[in-house]
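*Asks:* Here it is, the structure, as structure tokens.
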Amino acid sequence: MTLLRRWWAPSHPAQLLLGLTLWSLWFVALYGGLSVACELAPPRPGQGALTAINGGLALLTLATLGLLAWLAWRGMKAGRGGVGGARFIALTGAGLHLFSAAGVAFVGLPIVALPPCL
């Protein structure tokens, strides 16, 4: 089994860091992308929240939420059938993926209601 495949296994200790790492990468991409987009192509004033910038950020947010939810589901599924340390890591990793998904949802929620580039 290759190294990358082992890291993606639900019972690998890397799962304890993966969710929070994905959240932090999403956070940097979200606000970095927003800053760059607002500098290069700001929307018209008064356009509201329905802009291409918010659409792109919403797609990025939904993709990240989907990935974190899938990782959490996979960890829960593996944790039910595991024993010992493998079960602990799978269930703890699933919980951290869910925690990260909640952070993505909470921070990403203003994309729906607020105009970019305030």
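In the structure tokens, each chain is lettered A, B, ... as it comes, each chain's residues begin at 1, and ligands are numbered from 1 in order of appearance.
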Run DSSP on the backbone and tell me which residues of region 7-94 of chain A come out as helix (DSSP H, G or I); list them as a ChimeraX atom specification.
*Replies:* /A:7-8,15-40,52-81,84-94
*Asks:* Show which residues sit within 7 Å of Ser11 (chain A), as JSON, numbers by chain. Count only C-alpha atoms, and ignore same-chain residues fewer than 2 positions away.
*Replies:* {"A": [9, 13, 86, 87, 89, 90]}
*Asks:* Which residue out of A:Gly84, A:Ile53, A:Ser100, A:Ala113 has the minimum interatomic distance to Ala41 (chain A) when only C-alpha atoms are used?
*Replies:*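 Smallest separation from Ala41 (chain A) among the options: A:Ile53.
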*Asks:* Compile the contact shell of Leu20 (chain A) as a ChimeraX atom specification: residues with an atom at most 9 Å away, counting only C-alpha atoms, same-chain residues fewer than 3 positions apart removed.
*Replies:* /A:16-17,23-25,96-97,99-100
*Asks:* Write a file of the selected residues as a compact mmCIF listing (two decimals), in the first residue's frame, keeping N, CA and C atoms.
*Replies:*
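Result went into out_13.txt, see below:
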# COMPACT_ATOMS: atom_id res chain seq x y z
N LEU A 16 -6.38 12.55 12.47
CA LEU A 16 -6.58 13.47 13.59
C LEU A 16 -6.20 14.91 13.22
N LEU A 17 -5.40 15.09 12.19
CA LEU A 17 -5.00 16.42 11.75
C LEU A 17 -5.64 16.83 10.43
N TRP A 23 -9.75 22.48 6.96
CA TRP A 23 -10.45 23.70 7.36
C TRP A 23 -9.53 24.91 7.21
N SER A 24 -8.29 24.81 7.68
CA SER A 24 -7.39 25.95 7.61
C SER A 24 -7.04 26.31 6.16
N LEU A 25 -6.87 25.31 5.30
CA LEU A 25 -6.61 25.59 3.89
C LEU A 25 -7.82 26.26 3.25
N LEU A 96 -13.45 15.06 14.71
CA LEU A 96 -12.70 16.25 14.30
C LEU A 96 -13.11 16.71 12.90
N HIS A 97 -13.44 15.77 12.02
CA HIS A 97 -13.94 16.14 10.70
C HIS A 97 -15.29 16.85 10.84
N PHE A 99 -16.34 18.52 13.48
CA PHE A 99 -16.03 19.81 14.09
C PHE A 99 -15.54 20.79 13.02
N SER A 100 -14.68 20.33 12.14
CA SER A 100 -14.17 21.18 11.06
C SER A 100 -15.28 21.56 10.09
*Asks:* CA of Ala94 (chain A) and CA of Ala58 (chain A), how far apart in Å?
*Replies:*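 So the two atoms, CA of Ala58 (chain A) and CA of Ala94 (chain A), lie 23.5 Å apart.
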*Asks:* Using only C-alpha atoms, pick whichever of A:Thr92, A:Thr21, A:Asn54, A:Thr2 has the shortest atom-to-atom distance to Arg74 (chain A).
*Replies:*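 Counting only C-alpha atoms, the residue closest to Arg74 (chain A) is A:Thr92.
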*Asks:* Name the residues in contact with region 102-107 of chain A at a cut-off of 8 Å, using only C-alpha atoms, excluding same-chain residues fewer than 5 positions from it; report them as a PyMOL selection string.
*Replies:* chain A and resi 23+26-27+61+64-65
*Asks:* Would you output that residue set with all heavy atoms, as a short mmCIF file (atom, residue, chain, number, x, y, z; two decimals), in the first residue's frame?
*Replies:*
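Output file again_9.cif is given in full below:
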data_model
loop_
_atom_site.label_atom_id
_atom_site.label_comp_id
_atom_site.auth_asym_id
_atom_site.auth_seq_id
_atom_site.Cartn_x
_atom_site.Cartn_y
_atom_site.Cartn_z
N TRP A 23 -9.75 22.48 6.96
CA TRP A 23 -10.45 23.70 7.36
C TRP A 23 -9.53 24.91 7.21
O TRP A 23 -9.94 25.94 6.71
CB TRP A 23 -10.95 23.60 8.81
CG TRP A 23 -11.53 24.89 9.27
CD1 TRP A 23 -12.80 25.33 9.06
CD2 TRP A 23 -10.85 25.94 9.95
NE1 TRP A 23 -12.96 26.59 9.58
CE2 TRP A 23 -11.77 26.99 10.15
CE3 TRP A 23 -9.56 26.11 10.43
CZ2 TRP A 23 -11.44 28.17 10.80
CZ3 TRP A 23 -9.24 27.28 11.08
CH2 TRP A 23 -10.18 28.31 11.26
N TRP A 26 -9.02 25.79 3.58
CA TRP A 26 -10.24 26.41 3.07
C TRP A 26 -10.33 27.86 3.54
O TRP A 26 -10.67 28.75 2.77
CB TRP A 26 -11.47 25.62 3.53
CG TRP A 26 -12.75 26.37 3.33
CD1 TRP A 26 -13.47 26.44 2.18
CD2 TRP A 26 -13.44 27.16 4.29
NE1 TRP A 26 -14.57 27.23 2.37
CE2 TRP A 26 -14.58 27.68 3.65
CE3 TRP A 26 -13.20 27.48 5.63
CZ2 TRP A 26 -15.47 28.51 4.32
CZ3 TRP A 26 -14.10 28.29 6.28
CH2 TRP A 26 -15.22 28.80 5.63
N PHE A 27 -10.02 28.11 4.80
CA PHE A 27 -10.11 29.45 5.37
C PHE A 27 -9.17 30.41 4.65
O PHE A 27 -9.56 31.53 4.28
CB PHE A 27 -9.78 29.38 6.87
CG PHE A 27 -10.06 30.64 7.62
CD1 PHE A 27 -11.33 30.91 8.07
CD2 PHE A 27 -9.06 31.56 7.88
CE1 PHE A 27 -11.61 32.08 8.77
CE2 PHE A 27 -9.32 32.73 8.58
CZ PHE A 27 -10.61 32.98 9.03
N THR A 61 -16.99 26.43 -0.59
CA THR A 61 -17.48 26.05 0.73
C THR A 61 -18.26 24.74 0.69
O THR A 61 -18.06 23.86 1.54
CB THR A 61 -18.35 27.18 1.31
OG1 THR A 61 -17.54 28.35 1.41
CG2 THR A 61 -18.90 26.83 2.67
N THR A 64 -15.87 21.81 0.18
CA THR A 64 -15.15 21.51 1.42
C THR A 64 -16.07 20.82 2.42
O THR A 64 -15.66 19.85 3.08
CB THR A 64 -14.56 22.80 2.01
OG1 THR A 64 -13.75 23.44 1.03
CG2 THR A 64 -13.71 22.50 3.23
N LEU A 65 -17.30 21.31 2.53
CA LEU A 65 -18.26 20.66 3.43
C LEU A 65 -18.52 19.22 3.01
O LEU A 65 -18.60 18.32 3.85
CB LEU A 65 -19.58 21.43 3.44
CG LEU A 65 -19.72 22.57 4.41
CD1 LEU A 65 -21.02 23.33 4.18
CD2 LEU A 65 -19.65 22.07 5.83
#
*Asks:* Looking at A:Gly66, A:Gly46, A:Gly19, A:Pro10, which one is nearest to Gly79 (chain A), with distances taken over only C-alpha atoms?
*Replies:*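 Closest to Gly79 (chain A) of all the choices is A:Pro10.
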*Asks:* Any idea what the distance is between CA of Leu34 (chain A) and CA of Cys117 (chain A)?
*Replies:*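 Atom-to-atom, CA of Leu34 (chain A) and CA of Cys117 (chain A) are spaced 7.6 Å apart.
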